[in-house]
Each structure stands twice: as C-alpha cells, then as structure tokens.
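The structure appears right after this line, and notes come after that.
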Amino acid sequence: MYLVITADNNHICEEELQQVQEWANDNNLRLNTSKCKEITFQLPRIRARKSQNLPPLCLDIKRVQQITVLGVVTNNRLSASDHINYLITSSARLLYALRVFRAHGLPQQSLNDVYRATVQAKILYAAPAWSVFSTAGDKVRLNSFLRRCRKLGYSEGSMTFEDMCAEADEQLFSRLINDTNHVLHRLLPPPATASQRYNLRSRRHILQLPEHHIRLLDSNFLVRMLDKDCY
C-alpha cells in the first residue's frame, strides 16, 4: 500500500491509516506496515524546509522519494524525469533484443512491428497522464532516443515525442467522449448551459469548461483536453 500525503495534512494521514487499521481488524486482517510506503508532495517554496515528522501511527512506514504506480514512476517533486530515466534505460535493453532478432534474420517489416509493440508502446504507456510533467530537457532526451531508433532502422516514422503524445491525447479523449461505457466518461462535466439554449456552431464538444484554481489542476488530462477543444 502507498500512502500519499501533502505538506500539511499529517492529521488526515493519521485518520486514514486509523480507518484502514480498523477495517483490517474488523475483517480479521493485519495492516503490514513493512509493506507500506509513504510519499510526501510539497510545494516548491517549502520543499527546502526540514521534513515533517511522521504521525505516531506512521512510525513503522518507510518514507520514499519516488513510487511506481501502475507502471509509472512518480517522485515527490511531481516531475517525470525519473520515469523518463526508467523509460530510456529499459527501452535501450529492448533495442539490444531487436538487434539480436535482426541478426537471426527477422524481416524488416516484422522488426518494425516488434518495435511498435515493445519500445514505442512502453514510451507511450499512460503518456496522457505523465507527459505534461516532463521538462524541455526530458523531451530532448526522448527525441534523441527516438532519432537513434530511426537511425538503426527500427522505426519508420518521423514523429517527435510531442507529436506522439498529442496523438495519444486525441485518441484517448475521442474514445471517452464518444463511448458512454468508457471508465473515464463519468468524469466528464455536464453539457454547457449555452449549448442547451442556443443553436451553436459545431465544435468538438459542448461540455462545461472546468474552473482554473491552481496550476497543478491545469495539468490534468481532462482539463487540458476540454480547454483545447472548446472552440
């Protein structure tokens, strides 16, 4: 179990863990703190301060600076740099496997198919969620790796990392607004009031635009796509 807390909600952390512990006791289970991890997200202006003490219930839980959630490496700075380091390292190993396949006579078309199914799929996995947190330097590193793949003959396309992420965003957003059974469809806002009263010109969607409270929320996939396709 991963425990995620912010810089000022230790009391919430303690309450949540208490509820988990009570649920475990009621179901004849035991909360194994040795298998739990805690990560604290802090605002940049207070990141340099001394780390806060763990609440009493969390003393046996190890605090970490990064965790892997559903295959995506997330650090306490909400940066994609650690995940991109993992992608480049693991994808480089896959390039070695592709080189072995080529040496054993795998046709070029099949080699390209394997590349798309392994290397490209790994890079684009959950990209709509984490790509917005990548820096300019991270994008340069990924584009350099993609150029290397094209130079070695594994990839036929010339798309950059930014283009690949934009295409992945469009495909996911198109599926979730057109498929009412999509797992993310219920998170969409209701139709805008103006669309119900007036005959507006055709547009990508007629949903209400979310409010902008903090910059972090603007990085949310749904917020980004709703604002992008509102005109």
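Ordering of the structure tokens sets the chain letters (A, B, ...); residue numbers start at 1 within each chain; ligands are numbered from 1 in the order shown.
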Problem set entry | For region 117-126 of chain A: contacts at 8 Å, only C-alpha atoms, fewer than 6 positions along chain excluded, given as a ChimeraX atom specification | /A:72,87,91,94-95,164-165,168
For this session: Apply DSSP to the structure's backbone, then extract all residues of region 114-169 of chain A labelled alpha helix (DSSP H) and return them as number ranges by chain.
Result: A: 114-115, 121-124, 127-130, 136-151, 161-169
Report the residues of region 21-169 of chain A whose backbone DSSP state falls under strand (DSSP E), written as a JSON list (two decimals) with C-alpha atoms, in the first residue's frame.
```json
[["chain", "number", "residue", "atom", "x", "y", "z"],
["A", 37, "LYS", "CA", 5.34, 3.24, 1.75],
["A", 38, "GLU", "CA", 4.75, 6.93, 2.30],
["A", 39, "ILE", "CA", 5.47, 9.76, -0.14],
["A", 40, "THR", "CA", 5.07, 13.44, 0.66],
["A", 41, "PHE", "CA", 4.36, 16.05, -2.01],
["A", 62, "LYS", "CA", 9.12, 4.00, 5.30],
["A", 63, "ARG", "CA", 9.12, 7.38, 3.58],
["A", 66, "GLN", "CA", 9.52, 8.02, -5.56],
["A", 67, "ILE", "CA", 6.97, 5.29, -6.10],
["A", 68, "THR", "CA", 5.81, 3.24, -9.05],
["A", 69, "VAL", "CA", 2.05, 3.49, -9.56],
["A", 72, "VAL", "CA", 4.60, 5.00, -13.90],
["A", 73, "VAL", "CA", 7.44, 6.26, -11.70],
["A", 74, "THR", "CA", 6.25, 9.25, -9.66],
["A", 75, "ASN", "CA", 8.56, 11.30, -7.44]]
```
Exercise. So which residues touch Pro210 (chain A) within 8 Å, counting only C-alpha atoms, skipping near sequence neighbours fewer than 3 positions away, as a ChimeraX atom specification?
Worked result: /A:189,223,226
Export of prior selection with C-alpha atoms as a compact mmCIF listing (two decimals), in the first residue's frame:
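Result saved to selection.txt:
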```
# COMPACT_ATOMS: atom_id res chain seq x y z
CA PRO A 189 -18.60 17.65 -16.85
CA VAL A 223 -8.88 19.84 -18.06
CA LEU A 226 -11.61 20.23 -22.56
```
Problem set entry | Contact residues around Asp138 (chain A) with only C-alpha atoms at 7 Å, ignoring same-chain residues under 3 positions, as an NGL selection string | :A and (81 or 84 or 134-135 or 141-142)
For this session: Please identify all polymer residues within 12 Å of Gly157 (chain A), counting only C-alpha atoms, omitting same-chain residues fewer than 4 positions from it, and present them as a ChimeraX atom specification.
Result: /A:112,115-116,120,146-147,149-151,153,161,163-164
Exercise. Closest to Gln171 (chain A) among A:Ser155, A:Met225, A:Val140, A:Gly71, using only C-alpha atoms?
Worked result: A:Met225
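Restricting the calculation to only C-alpha atoms, the smallest distance between Ala166 (chain A) and any of A:Pro128, A:Gly137, A:Gly105, A:Pro191 is found for A:Pro128.
Closest approach to Ala129 (chain A) from the set A:Asp169, A:Glu16, A:Asp60, A:Asp227 is made by A:Asp169, with distances taken over only C-alpha atoms.
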